[in-house]
file target_4.cif (mmCIF, C-alpha atoms)
data_entry
#
loop_
_atom_site.label_atom_id
_atom_site.label_comp_id
_atom_site.auth_asym_id
_atom_site.auth_seq_id
_atom_site.Cartn_x
_atom_site.Cartn_y
_atom_site.Cartn_z
CA MET A 41 0.85 73.27 189.93
CA ALA A 42 1.79 72.97 186.24
CA GLN A 43 -0.66 74.36 183.72
CA TYR A 44 -0.18 71.31 181.46
CA ASP A 45 0.64 67.69 182.15
CA VAL A 46 2.55 67.51 178.88
CA ILE A 47 3.39 69.71 175.93
CA PHE A 48 4.17 68.15 172.56
CA LYS A 49 6.62 70.79 171.38
CA ASP A 50 7.43 72.04 167.88
CA GLY A 51 5.76 69.22 165.95
CA THR A 52 4.36 69.72 162.47
CA VAL A 53 0.65 69.30 163.13
CA VAL A 54 -1.60 68.02 160.32
CA ASN A 55 -5.17 69.04 161.02
CA GLN A 56 -8.38 70.61 159.73
CA ASP A 57 -6.65 73.99 159.44
CA GLY A 58 -3.69 72.76 157.40
CA ILE A 59 -0.12 71.78 158.18
CA HIS A 60 1.95 73.98 160.49
CA VAL A 61 4.43 73.82 163.35
CA THR A 62 2.75 74.34 166.70
CA ASP A 63 2.64 73.05 170.28
CA ILE A 64 -0.07 70.88 171.79
CA GLY A 65 -0.87 71.29 175.48
CA VAL A 66 -2.51 68.37 177.28
CA LYS A 67 -4.15 68.27 180.69
CA GLY A 68 -5.58 65.00 181.88
CA GLU A 69 -6.89 63.16 178.85
CA ARG A 70 -7.80 66.18 176.72
CA ILE A 71 -6.13 68.74 174.48
CA VAL A 72 -6.43 72.09 176.27
CA ALA A 73 -4.21 74.41 174.21
CA LEU A 74 -2.69 74.85 170.76
CA GLY A 75 -0.09 77.44 169.81
CA SER A 76 3.25 78.65 171.13
CA LEU A 77 3.34 77.32 174.68
CA ASP A 78 5.87 77.94 177.43
CA ALA A 79 7.77 74.74 178.17
CA ALA A 80 8.08 75.80 181.82
CA SER A 81 4.29 75.52 182.20
CA ALA A 82 4.29 71.73 181.74
CA GLU A 83 5.35 68.83 183.92
CA LYS A 84 6.73 67.08 180.82
CA VAL A 85 7.79 68.28 177.38
CA VAL A 86 8.09 65.96 174.37
CA ASP A 87 10.38 67.35 171.67
CA CYS A 88 8.66 66.72 168.32
CA ARG A 89 10.94 68.76 166.07
CA GLY A 90 11.15 67.17 162.63
CA LEU A 91 8.14 64.95 163.33
CA HIS A 92 4.57 65.18 162.05
CA ILE A 93 1.70 64.93 164.55
CA LEU A 94 -1.54 63.49 163.20
CA PRO A 95 -4.91 63.04 164.90
CA GLY A 96 -4.90 59.54 166.37
CA VAL A 97 -5.33 57.00 163.56
CA ILE A 98 -8.55 54.96 163.82
CA ASP A 99 -8.59 51.59 162.04
CA THR A 100 -12.25 51.06 161.21
CA GLN A 101 -12.10 47.33 160.49
CA VAL A 102 -10.24 44.74 162.54
CA HIS A 103 -10.90 41.16 163.60
CA PHE A 104 -9.26 40.46 166.96
CA ARG A 105 -10.77 36.95 167.23
CA GLU A 106 -11.84 37.02 170.88
CA PRO A 107 -13.75 35.17 172.19
CA GLY A 108 -13.31 31.73 170.69
CA LEU A 109 -10.29 31.99 168.40
CA GLU A 110 -7.63 33.28 170.75
CA HIS A 111 -4.99 30.92 169.35
CA LYS A 112 -4.56 33.36 166.44
CA GLU A 113 -5.33 36.70 168.16
CA ASP A 114 -7.04 38.20 171.17
CA LEU A 115 -8.10 41.69 172.20
CA GLU A 116 -4.84 42.30 174.03
CA SER A 117 -2.46 41.09 171.32
CA GLY A 118 -4.41 42.69 168.50
CA SER A 119 -4.53 46.06 170.25
CA LEU A 120 -0.83 45.81 171.07
CA SER A 121 -0.21 45.39 167.36
CA ALA A 122 -2.37 48.47 166.79
CA VAL A 123 -0.50 50.83 169.11
CA MET A 124 2.90 49.56 167.95
CA GLY A 125 1.82 50.71 164.49
CA GLY A 126 0.57 54.13 165.57
CA VAL A 127 -3.14 53.27 165.77
CA THR A 128 -5.06 54.76 168.72
CA GLY A 129 -8.50 53.27 168.11
CA VAL A 130 -10.19 50.36 166.35
CA PHE A 131 -13.64 49.17 165.28
CA GLU A 132 -13.76 45.41 165.86
CA MET A 133 -15.97 42.87 164.10
CA PRO A 134 -18.62 40.42 165.38
CA ASN A 135 -17.55 37.10 163.76
CA THR A 136 -16.27 35.61 167.01
CA ASN A 137 -17.30 32.43 168.82
CA PRO A 138 -19.87 32.93 170.16
CA LEU A 139 -21.00 35.50 167.61
CA THR A 140 -21.44 39.06 168.86
CA ILE A 141 -25.17 39.22 168.17
CA THR A 142 -26.82 39.63 171.59
CA ALA A 143 -26.63 42.15 174.42
CA GLU A 144 -24.95 39.48 176.54
CA THR A 145 -22.19 38.66 174.06
CA PHE A 146 -21.64 42.35 173.28
CA ARG A 147 -21.30 43.36 176.93
CA ASP A 148 -18.95 40.44 177.47
CA LYS A 149 -16.60 41.84 174.81
CA ILE A 150 -16.76 45.32 176.34
CA ALA A 151 -15.85 43.83 179.72
CA ARG A 152 -13.00 41.80 178.22
CA ALA A 153 -11.61 44.87 176.43
CA THR A 154 -11.89 47.62 179.05
CA ASN A 155 -8.48 48.41 180.59
CA ARG A 156 -7.06 45.35 178.81
CA MET A 157 -6.87 46.59 175.24
CA HIS A 158 -3.96 48.93 174.58
CA CYS A 159 -6.02 51.27 172.36
CA ASP A 160 -9.57 52.59 172.54
CA PHE A 161 -12.22 50.55 170.79
CA ALA A 162 -15.75 50.10 169.54
CA PHE A 163 -17.46 46.87 168.55
CA TYR A 164 -19.92 46.07 165.80
CA ILE A 165 -23.05 44.08 166.59
CA GLY A 166 -23.76 41.41 164.01
CA GLY A 167 -27.05 41.64 162.14
CA THR A 168 -28.79 38.30 161.49
CA HIS A 169 -32.18 36.95 160.44
CA ASP A 170 -32.84 36.06 164.06
CA ASN A 171 -31.98 39.26 165.95
CA VAL A 172 -33.72 41.82 163.72
CA ALA A 173 -36.25 42.76 166.39
CA GLU A 174 -33.49 43.46 168.93
CA LEU A 175 -31.22 45.50 166.63
CA PRO A 176 -32.74 48.93 167.41
CA GLU A 177 -31.67 48.44 171.03
CA LEU A 178 -28.46 46.56 170.34
CA GLU A 179 -27.09 49.28 168.03
CA ARG A 180 -27.50 51.79 170.87
CA LEU A 181 -25.44 49.87 173.43
CA PRO A 182 -22.50 51.87 174.84
CA GLY A 183 -19.40 51.13 172.78
CA CYS A 184 -21.33 49.95 169.72
CA VAL A 185 -20.30 51.50 166.39
CA GLY A 186 -23.30 50.02 164.58
CA VAL A 187 -24.61 46.91 162.83
CA LYS A 188 -22.40 44.73 160.61
CA VAL A 189 -23.96 42.44 157.98
CA PHE A 190 -22.22 39.77 155.94
CA MET A 191 -23.97 39.42 152.56
CA GLY A 192 -21.26 36.95 151.55
CA SER A 193 -18.22 35.20 152.98
CA SER A 194 -19.56 34.07 156.31
CA THR A 195 -21.16 31.04 157.89
CA GLY A 196 -24.05 30.26 160.17
CA SER A 197 -26.46 32.95 161.27
CA LEU A 198 -24.06 35.83 160.47
CA LEU A 199 -24.66 35.27 156.76
CA VAL A 200 -27.60 37.33 155.46
CA SER A 201 -27.46 36.72 151.71
CA ASP A 202 -31.08 37.41 150.71
CA ASP A 203 -32.67 40.77 149.88
CA ALA A 204 -35.54 40.20 152.29
CA GLY A 205 -33.15 39.60 155.17
CA VAL A 206 -31.03 42.66 154.40
CA LYS A 207 -34.12 44.82 153.93
CA SER A 208 -35.59 43.70 157.24
CA ILE A 209 -32.40 44.75 159.03
CA LEU A 210 -32.19 48.12 157.28
CA SER A 211 -35.87 48.77 157.97
CA VAL A 212 -35.50 48.69 161.76
CA ILE A 213 -32.13 50.33 162.44
CA ARG A 214 -31.36 54.05 162.70
CA ARG A 215 -27.57 54.22 162.46
CA ARG A 216 -25.20 53.65 159.52
CA ALA A 217 -24.74 49.90 158.96
CA ALA A 218 -21.61 48.25 157.54
CA PHE A 219 -21.68 45.50 154.92
CA HIS A 220 -19.39 42.84 153.53
CA SER A 221 -20.74 43.03 149.99
CA GLU A 222 -20.26 39.90 147.88
CA ASP A 223 -23.12 37.99 146.26
CA GLU A 224 -23.30 34.65 148.08
CA TYR A 225 -25.43 33.04 145.38
CA ARG A 226 -22.85 33.79 142.69
CA LEU A 227 -20.05 32.60 144.96
CA GLU A 228 -21.79 29.28 145.44
CA GLU A 229 -22.32 28.89 141.70
CA ARG A 230 -18.67 29.62 140.93
CA LYS A 231 -17.07 27.36 143.55
CA PRO A 232 -16.02 24.84 140.87
CA LEU A 233 -13.69 27.53 139.47
CA ARG A 234 -11.40 27.16 142.48
CA VAL A 235 -8.23 25.34 141.44
CA PRO A 236 -6.65 23.13 144.10
CA ASN A 237 -3.22 24.39 145.21
CA ASP A 238 -3.65 27.57 143.14
CA PRO A 239 -4.56 30.62 145.25
CA SER A 240 -4.42 32.78 142.11
CA SER A 241 -7.80 31.22 141.24
CA HIS A 242 -9.29 32.94 144.31
CA PRO A 243 -10.12 36.19 142.44
CA VAL A 244 -11.46 34.11 139.54
CA TRP A 245 -13.93 32.40 141.85
CA ARG A 246 -14.80 35.59 143.77
CA ASP A 247 -14.93 37.66 140.60
CA PRO A 248 -15.61 41.41 140.28
CA GLU A 249 -19.20 40.73 139.24
CA ALA A 250 -19.92 39.00 142.57
CA ALA A 251 -18.94 42.21 144.35
CA LEU A 252 -20.71 44.58 141.97
CA MET A 253 -23.97 42.57 141.95
CA SER A 254 -24.11 42.60 145.73
CA THR A 255 -23.29 46.32 146.02
CA LYS A 256 -25.98 47.23 143.49
CA ARG A 257 -28.51 45.18 145.47
CA LEU A 258 -27.38 46.81 148.69
CA VAL A 259 -27.71 50.37 147.37
CA ARG A 260 -31.20 49.61 146.03
CA LEU A 261 -32.27 48.29 149.44
CA ALA A 262 -30.77 51.32 151.19
CA ARG A 263 -32.81 53.61 148.95
CA GLU A 264 -36.00 51.59 149.50
CA THR A 265 -35.58 51.86 153.27
CA GLY A 266 -34.07 55.36 153.39
CA LYS A 267 -31.06 54.21 155.42
CA ARG A 268 -27.31 54.83 155.44
CA ILE A 269 -24.90 52.07 154.46
CA HIS A 270 -21.15 51.66 154.69
CA VAL A 271 -19.61 49.37 152.06
CA LEU A 272 -16.48 47.72 153.38
CA HIS A 273 -13.21 46.87 151.59
CA ILE A 274 -14.07 47.85 148.02
CA SER A 275 -11.99 45.68 145.66
CA THR A 276 -13.20 46.58 142.16
CA ALA A 277 -12.96 49.55 139.84
CA GLU A 278 -16.58 49.02 138.77
CA GLU A 279 -17.94 49.34 142.31
CA MET A 280 -16.07 52.61 142.77
CA LEU A 281 -17.62 54.02 139.59
CA PHE A 282 -21.08 52.84 140.62
CA LEU A 283 -20.86 54.16 144.18
CA ALA A 284 -19.88 57.62 142.92
CA ASP A 285 -23.55 58.05 141.97
CA HIS A 286 -24.84 57.00 145.39
CA LYS A 287 -22.85 58.94 147.93
CA ASP A 288 -26.01 60.25 149.57
CA VAL A 289 -26.68 56.79 151.05
CA ALA A 290 -23.36 54.94 150.75
CA SER A 291 -20.00 55.56 152.38
CA VAL A 292 -16.97 53.65 151.17
CA GLU A 293 -14.01 51.94 152.84
CA VAL A 294 -10.80 50.88 151.10
CA THR A 295 -7.91 48.83 152.48
CA PRO A 296 -4.13 49.19 152.27
CA HIS A 297 -3.80 45.74 150.68
CA HIS A 298 -6.21 46.54 147.84
CA LEU A 299 -4.29 49.78 147.28
CA THR A 300 -0.87 48.12 147.43
CA LEU A 301 -0.99 44.53 146.19
CA ASP A 302 -1.98 43.14 142.79
CA GLU A 303 -2.17 39.75 141.06
CA THR A 304 1.58 39.23 141.42
CA ALA A 305 1.04 38.80 145.17
CA TYR A 306 -0.23 35.26 144.62
CA THR A 307 3.08 34.27 143.04
CA ARG A 308 5.11 35.82 145.86
CA LEU A 309 2.89 35.07 148.85
CA GLY A 310 0.63 32.18 147.85
CA THR A 311 -2.20 31.71 150.34
CA TYR A 312 -0.80 34.53 152.50
CA ALA A 313 -2.28 36.90 149.89
CA GLN A 314 -5.71 35.25 150.14
CA MET A 315 -8.39 37.70 151.33
CA ASN A 316 -12.14 38.24 150.95
CA PRO A 317 -12.86 40.14 148.78
CA PRO A 318 -9.72 39.19 146.90
CA VAL A 319 -6.65 41.14 145.93
CA ARG A 320 -7.19 41.70 142.20
CA ASP A 321 -5.17 42.84 139.21
CA ALA A 322 -3.46 46.20 138.76
CA ALA A 323 -6.37 47.62 136.75
CA HIS A 324 -8.70 47.25 139.73
CA ARG A 325 -6.05 48.68 142.04
CA LYS A 326 -5.86 51.71 139.73
CA GLY A 327 -9.65 52.07 139.89
CA ILE A 328 -9.60 51.99 143.69
CA TRP A 329 -6.90 54.66 143.76
CA ALA A 330 -9.09 56.75 141.46
CA GLY A 331 -11.81 56.54 144.11
CA VAL A 332 -9.34 57.78 146.70
CA ASP A 333 -8.24 60.63 144.45
CA ASN A 334 -11.74 61.81 143.60
CA GLY A 335 -13.19 61.47 147.09
CA VAL A 336 -15.56 58.54 146.54
CA ALA A 337 -13.57 56.54 149.08
CA ASP A 338 -14.22 57.88 152.57
CA ILE A 339 -12.01 55.95 154.97
CA LEU A 340 -9.23 53.38 155.32
CA GLY A 341 -9.60 50.16 157.28
CA SER A 342 -6.98 47.44 157.46
CA ASP A 343 -9.37 44.47 157.65
CA HIS A 344 -6.81 42.94 160.01
CA ALA A 345 -7.86 39.28 159.97
CA PRO A 346 -5.06 37.11 161.36
CA HIS A 347 -4.59 33.37 160.97
CA THR A 348 -1.71 31.21 162.13
CA ARG A 349 1.00 30.07 159.72
CA GLU A 350 -0.22 26.51 160.15
CA GLU A 351 -3.69 27.57 158.96
CA LYS A 352 -2.42 29.70 156.06
CA ASP A 353 -0.07 26.90 154.95
CA LYS A 354 -3.00 24.60 154.16
CA PRO A 355 -3.36 24.00 150.41
CA TYR A 356 -5.84 26.26 148.62
CA PRO A 357 -8.88 26.30 148.92
CA ASN A 358 -8.64 24.77 152.39
CA SER A 359 -6.59 27.79 153.51
CA PRO A 360 -8.50 30.53 155.34
CA SER A 361 -8.84 34.06 153.93
CA GLY A 362 -7.31 36.89 155.91
CA MET A 363 -4.06 38.67 156.70
CA THR A 364 -2.64 40.90 159.40
CA GLY A 365 -2.85 44.63 158.75
CA VAL A 366 -3.48 46.89 161.75
CA GLN A 367 0.21 47.40 162.54
CA THR A 368 1.24 48.04 158.94
CA LEU A 369 -1.58 50.43 158.01
CA VAL A 370 0.35 53.59 158.94
CA PRO A 371 3.79 52.74 157.47
CA VAL A 372 2.37 51.26 154.25
CA MET A 373 0.15 54.28 153.63
CA LEU A 374 2.86 56.78 154.60
CA ASP A 375 5.02 55.13 151.97
CA HIS A 376 2.26 55.90 149.46
CA VAL A 377 2.23 59.49 150.75
CA ASN A 378 5.97 59.78 150.21
CA ALA A 379 5.61 58.29 146.72
CA GLY A 380 3.14 61.07 145.84
CA ARG A 381 0.11 58.79 145.52
CA MET A 382 -1.86 60.68 148.17
CA SER A 383 -1.38 63.76 150.29
CA LEU A 384 -0.75 63.62 154.01
CA GLU A 385 -3.95 65.62 154.50
CA ARG A 386 -5.91 62.96 152.60
CA PHE A 387 -4.41 60.24 154.79
CA VAL A 388 -5.56 62.15 157.87
CA ASP A 389 -9.00 62.63 156.31
CA MET A 390 -9.35 58.88 155.77
CA THR A 391 -8.06 57.71 159.16
CA SER A 392 -9.40 60.21 161.71
CA ALA A 393 -11.60 62.98 160.31
CA GLY A 394 -13.42 60.48 158.07
CA PRO A 395 -14.34 57.99 160.82
CA ASN A 396 -15.45 60.92 162.99
CA ARG A 397 -17.60 62.29 160.16
CA LEU A 398 -19.25 59.00 159.19
CA PHE A 399 -19.84 57.51 162.62
CA GLY A 400 -20.04 60.55 164.89
CA ILE A 401 -17.30 59.56 167.33
CA ALA A 402 -17.42 61.83 170.37
CA ASN A 403 -14.24 63.83 171.06
CA LYS A 404 -12.01 61.97 168.60
CA GLY A 405 -10.77 62.54 165.07
CA ARG A 406 -9.31 66.06 165.37
CA ILE A 407 -6.48 67.86 167.09
CA ALA A 408 -8.59 70.52 168.77
CA VAL A 409 -9.18 71.92 172.23
CA GLY A 410 -11.73 69.74 174.04
CA TYR A 411 -10.89 66.61 172.09
CA ASP A 412 -9.18 63.51 173.47
CA ALA A 413 -5.39 63.81 173.24
CA ASP A 414 -5.10 60.92 170.75
CA LEU A 415 -2.06 61.52 168.57
CA THR A 416 -0.14 59.50 165.98
CA ILE A 417 3.39 60.90 165.74
CA VAL A 418 5.31 59.95 162.60
CA ASP A 419 8.68 60.50 160.97
CA LEU A 420 7.98 61.02 157.29
CA LYS A 421 11.65 60.79 156.35
CA ARG A 422 12.45 57.59 158.18
CA GLU A 423 13.11 54.51 156.08
CA GLU A 424 12.53 51.09 157.59
CA THR A 425 12.07 47.54 156.37
CA ILE A 426 8.90 45.86 157.66
CA ARG A 427 9.72 42.50 159.26
CA ASP A 428 7.65 39.64 160.62
CA GLU A 429 9.57 39.99 163.89
CA TRP A 430 8.23 43.54 164.34
CA VAL A 431 4.60 42.43 164.16
CA ALA A 432 3.07 42.11 167.63
CA SER A 433 0.01 40.18 166.42
CA ARG A 434 -0.21 36.65 167.78
CA ALA A 435 -0.17 35.47 164.14
CA GLY A 436 3.41 36.75 163.91
CA TRP A 437 3.56 37.50 160.17
CA THR A 438 2.78 40.20 157.64
CA PRO A 439 2.38 40.11 153.86
CA TYR A 440 4.79 43.06 153.77
CA ASN A 441 7.72 41.18 155.31
CA GLY A 442 10.90 42.50 153.68
CA VAL A 443 9.19 45.55 152.15
CA LYS A 444 11.10 48.81 152.55
CA VAL A 445 8.95 51.83 153.36
CA LYS A 446 9.54 55.54 153.87
CA GLY A 447 7.50 56.98 156.73
CA TRP A 448 7.27 55.39 160.17
CA PRO A 449 5.14 55.67 163.35
CA VAL A 450 7.33 57.04 166.14
CA GLY A 451 4.77 57.54 168.90
CA THR A 452 1.24 56.53 169.86
CA ILE A 453 -0.46 58.88 172.33
CA LEU A 454 -3.76 57.70 173.83
CA ARG A 455 -5.74 60.25 175.79
CA GLY A 456 -2.54 62.08 176.71
CA ARG A 457 -0.48 59.03 177.70
CA THR A 458 2.49 57.95 175.62
CA VAL A 459 1.67 54.32 174.94
CA MET A 460 4.35 53.63 172.33
CA TRP A 461 7.56 55.51 171.57
CA GLU A 462 10.27 54.34 169.17
CA ASN A 463 8.92 50.79 168.90
CA GLU A 464 8.73 50.38 172.68
CA LEU A 465 5.57 49.87 174.73
CA LEU A 466 5.67 52.41 177.56
CA ALA A 467 2.29 52.26 179.30
CA ALA A 468 -0.08 49.71 180.74
CA SER A 469 -3.27 49.01 178.81
CA THR A 470 -6.04 51.54 179.53
CA GLY A 471 -8.35 51.00 176.54
CA GLN A 472 -11.87 52.37 176.87
CA PRO A 473 -14.98 52.09 174.68
CA MET A 474 -15.48 54.98 172.27
CA ARG A 475 -18.60 57.09 172.59
CA PHE A 476 -20.85 58.05 169.69
CA LEU A 477 -22.93 61.18 169.27
CA GLU A 478 -26.03 59.24 168.19
CA THR A 479 -26.02 57.13 171.35
CA LEU A 480 -24.65 59.36 174.09
CA GLN A 481 -25.66 58.00 177.46
CA PRO A 482 -27.11 60.23 180.19
CA VAL A 483 -24.75 61.04 183.05
CA ALA A 484 -25.81 59.30 186.24
#
call {"tool": "encode", "arguments": {"input": "target_4.cif", "output": "structure tokens"}}
result
Amino acid sequence: MAQYDVIFKDGTVVNQDGIHVTDIGVKGERIVALGSLDAASAEKVVDCRGLHILPGVIDTQVHFREPGLEHKEDLESGSLSAVMGGVTGVFEMPNTNPLTITAETFRDKIARATNRMHCDFAFYIGGTHDNVAELPELERLPGCVGVKVFMGSSTGSLLVSDDAGVKSILSVIRRRAAFHSEDEYRLEERKPLRVPNDPSSHPVWRDPEAALMSTKRLVRLARETGKRIHVLHISTAEEMLFLADHKDVASVEVTPHHLTLDETAYTRLGTYAQMNPPVRDAAHRKGIWAGVDNGVADILGSDHAPHTREEKDKPYPNSPSGMTGVQTLVPVMLDHVNAGRMSLERFVDMTSAGPNRLFGIANKGRIAVGYDADLTIVDLKREETIRDEWVASRAGWTPYNGVKVKGWPVGTILRGRTVMWENELLAASTGQPMRFLETLQPVA
């Protein structure tokens, strides 16, 4: 009987101990050996010469739209888009229909996703005014990454815009909670600044002050309650400077689109560049990159939020905010790596080690013996042009259509199985809920 099911041979491994050529031995779903391994000891050998092997990339913010909005995405199509882009795991959001705010709706999503999603997954539970009392139990459900709160840019009970509501949620929970941080009161006041048929007025309406005001409120409430917060999709230079002084309570997510696009996107893409919080000018993009460079930014999330072309083609402001992103996260950011804007080690820190560190994911986020054999295999030298036709999302488009990048995902390995290789899906869906150290369940 072979010692290993598979050896990934002669790849350049990027990990906590640096960058070096080594072999990875896998048995079952776990990594069982690192080093110079005898090819004869494995049932299968994958030649990775010239390729870089990263810990499986985890996209910490996606909206896969199921249940209720499957015409634009579902758990299967969204996760297919993920693995085709080199992503092995996702954290998915609660603004579905019905909202993911009860044990029943949460367990329904877990059931829908298990062995149907192509990657592993965790779901957020939505925090509302009405489910505060249940949140201490809801945040401990198997497969739950934590509580998500919308302080702006949401509707119905998912919107918690007032300090009292946010404080009541923070007061009862134990885990790190994630926040969409825009001041809803300021957004309401500034609605008249939206110019019909002019999506470039979107960042005028949702101005930097709306984000900064909300984030300052949020940090104050975190300190008053002694709780950990995670501020999603930072879009302003001012927030990054402010959050540098509050890293003891606040972790920070940035997105590829806020690091890549600027105000010229509205001229090129129109409503297809419309996001919440908005893509802003190059000065804010520079400030966000500064937060990446100096370590204030902790992790990368795509904020994959697909809409159909028919929906995005509506005249502003009737057009919905959101764009695809999970499949382009790896190639877009590898292009930044090749351009010298960030190191490959920093990319790994923000897409695997960082999520592990912030959220305590069990057995994921490192290439190490005992960890799940989740690997993202990339060709740093490969040049490709991103095309709408490549995108597996049901939405079928990307804001990066026609953009040439250097650096490309070659393989997606999920718990030892090669799910994607050279743009081809090779394995049936076997997605499982992630486990978290703060909520490990007893073995029956």
call {"tool": "atom_distance", "arguments": {"input": "target_4.cif", "atom1": "CA of Asp63 (chain A)", "atom2": "CA of Ser119 (chain A)"}}
result
27.9 Å
call {"tool": "resolve_selection", "arguments": {"input": "target_4.cif", "expression": "the PyMOL selection byres ((chain A and resi 231) around 12)", "output": "JSON list (two decimals) with C-alpha atoms, in the frame of the given file"}}
result
[["chain", "number", "residue", "atom", "x", "y", "z"],
["A", 224, "GLU", "CA", -23.30, 34.65, 148.08],
["A", 225, "TYR", "CA", -25.43, 33.04, 145.38],
["A", 226, "ARG", "CA", -22.85, 33.79, 142.69],
["A", 227, "LEU", "CA", -20.05, 32.60, 144.96],
["A", 228, "GLU", "CA", -21.79, 29.28, 145.44],
["A", 229, "GLU", "CA", -22.32, 28.89, 141.70],
["A", 230, "ARG", "CA", -18.67, 29.62, 140.93],
["A", 232, "PRO", "CA", -16.02, 24.84, 140.87],
["A", 233, "LEU", "CA", -13.69, 27.53, 139.47],
["A", 234, "ARG", "CA", -11.40, 27.16, 142.48],
["A", 235, "VAL", "CA", -8.23, 25.34, 141.44],
["A", 236, "PRO", "CA", -6.65, 23.13, 144.10],
["A", 241, "SER", "CA", -7.80, 31.22, 141.24],
["A", 242, "HIS", "CA", -9.29, 32.94, 144.31],
["A", 243, "PRO", "CA", -10.12, 36.19, 142.44],
["A", 244, "VAL", "CA", -11.46, 34.11, 139.54],
["A", 245, "TRP", "CA", -13.93, 32.40, 141.85],
["A", 246, "ARG", "CA", -14.80, 35.59, 143.77],
["A", 247, "ASP", "CA", -14.93, 37.66, 140.60],
["A", 357, "PRO", "CA", -8.88, 26.30, 148.92]]
call {"tool": "closest_residue", "arguments": {"input": "target_4.cif", "among": "A:Ser81, A:Ser291, A:Asn463, A:Thr458", "to": "Pro395 (chain A)", "atoms": "all atoms listed in the file"}}
result
A:Ser291
call {"tool": "resolve_selection", "arguments": {"input": "target_4.cif", "expression": "the PyMOL selection byres ((chain A and resi 150-165) around 6)", "output": "list of chain:residue names"}}
result
A:Leu115, A:Glu116, A:Ser119, A:Leu120, A:Thr128, A:Gly129, A:Val130, A:Phe131, A:Glu132, A:Met133, A:Pro134, A:Thr140, A:Ile141, A:Arg147, A:Asp148, A:Lys149, A:Gly166, A:Gly183, A:Cys184, A:Val185, A:Gly186, A:Val187, A:Lys188, A:Ser469, A:Thr470, A:Gly471, A:Gln472, A:Pro473, A:Met474
call {"tool": "atom_distance", "arguments": {"input": "target_4.cif", "atom1": "CA of Val445 (chain A)", "atom2": "CA of Asp321 (chain A)"}}
result
21.9 Å
call {"tool": "resolve_selection", "arguments": {"input": "target_4.cif", "expression": "the PyMOL selection byres ((chain A and resi 400) around 10)", "output": "mmCIF file with C-alpha atoms, in the frame of the given file"}}
result
data_model
loop_
_atom_site.group_PDB
_atom_site.id
_atom_site.type_symbol
_atom_site.label_atom_id
_atom_site.label_comp_id
_atom_site.auth_asym_id
_atom_site.auth_seq_id
_atom_site.Cartn_x
_atom_site.Cartn_y
_atom_site.Cartn_z
ATOM 1 C CA VAL A 185 -20.300 51.500 166.390
ATOM 2 C CA ALA A 393 -11.600 62.980 160.310
ATOM 3 C CA GLY A 394 -13.420 60.480 158.070
ATOM 4 C CA PRO A 395 -14.340 57.990 160.820
ATOM 5 C CA ASN A 396 -15.450 60.920 162.990
ATOM 6 C CA ARG A 397 -17.600 62.290 160.160
ATOM 7 C CA LEU A 398 -19.250 59.000 159.190
ATOM 8 C CA PHE A 399 -19.840 57.510 162.620
ATOM 9 C CA ILE A 401 -17.300 59.560 167.330
ATOM 10 C CA ALA A 402 -17.420 61.830 170.370
ATOM 11 C CA ASN A 403 -14.240 63.830 171.060
ATOM 12 C CA LYS A 404 -12.010 61.970 168.600
ATOM 13 C CA GLY A 405 -10.770 62.540 165.070
ATOM 14 C CA ARG A 475 -18.600 57.090 172.590
ATOM 15 C CA PHE A 476 -20.850 58.050 169.690
ATOM 16 C CA LEU A 477 -22.930 61.180 169.270
ATOM 17 C CA GLU A 478 -26.030 59.240 168.190
ATOM 18 C CA THR A 479 -26.020 57.130 171.350
#
call {"tool": "atom_distance", "arguments": {"input": "target_4.cif", "atom1": "CA of Asn378 (chain A)", "atom2": "CA of Thr300 (chain A)"}}
result
13.8 Å
call {"tool": "residues_around", "arguments": {"input": "target_4.cif", "residues": "Arg427 (chain A)", "least_positions_apart": "6", "cutoff": "12 Å", "atoms": "all atoms listed in the file", "output": "ChimeraX atom specification"}}
result
/A:367-368,371,436-445
call {"tool": "write_last_selection", "arguments": {"input": "target_4.cif", "atoms": "C-alpha atoms", "output": "compact mmCIF listing (two decimals), in the coordinates of the input"}}
result
# COMPACT_ATOMS: atom_id res chain seq x y z
CA GLN A 367 0.21 47.40 162.54
CA THR A 368 1.24 48.04 158.94
CA PRO A 371 3.79 52.74 157.47
CA GLY A 436 3.41 36.75 163.91
CA TRP A 437 3.56 37.50 160.17
CA THR A 438 2.78 40.20 157.64
CA PRO A 439 2.38 40.11 153.86
CA TYR A 440 4.79 43.06 153.77
CA ASN A 441 7.72 41.18 155.31
CA GLY A 442 10.90 42.50 153.68
CA VAL A 443 9.19 45.55 152.15
CA LYS A 444 11.10 48.81 152.55
CA VAL A 445 8.95 51.83 153.36
call {"tool": "closest_residue", "arguments": {"input": "target_4.cif", "among": "A:Lys67, A:His92, A:Ile213, A:Gly447", "to": "Ala262 (chain A)", "atoms": "only C-alpha atoms"}}
result
A:Ile213
call {"tool": "residues_around", "arguments": {"input": "target_4.cif", "residues": "region 269-283 of chain A", "least_positions_apart": "3", "cutoff": "9 Å", "atoms": "only C-alpha atoms", "output": "VMD selection string"}}
result
chain A and resid 101 210 215 to 221 248 to 249 251 to 252 255 to 256 258 to 259 262 286 to 287 289 to 295 298 to 299 316 to 320 323 to 331 336 to 337 340 to 343 398
call {"tool": "residues_near_point", "arguments": {"input": "target_4.cif", "point": "(-32.1, 43.3, 167.3)", "cutoff": "12 Å", "atoms": "only C-alpha atoms", "output": "PyMOL selection string"}}
result
chain A and resi 140-143+165-181+186-188+208-214
call {"tool": "closest_residue", "arguments": {"input": "target_4.cif", "among": "A:Met124, A:Ala345, A:Val206, A:Ile339", "to": "Glu464 (chain A)", "atoms": "only C-alpha atoms"}}
result
A:Met124
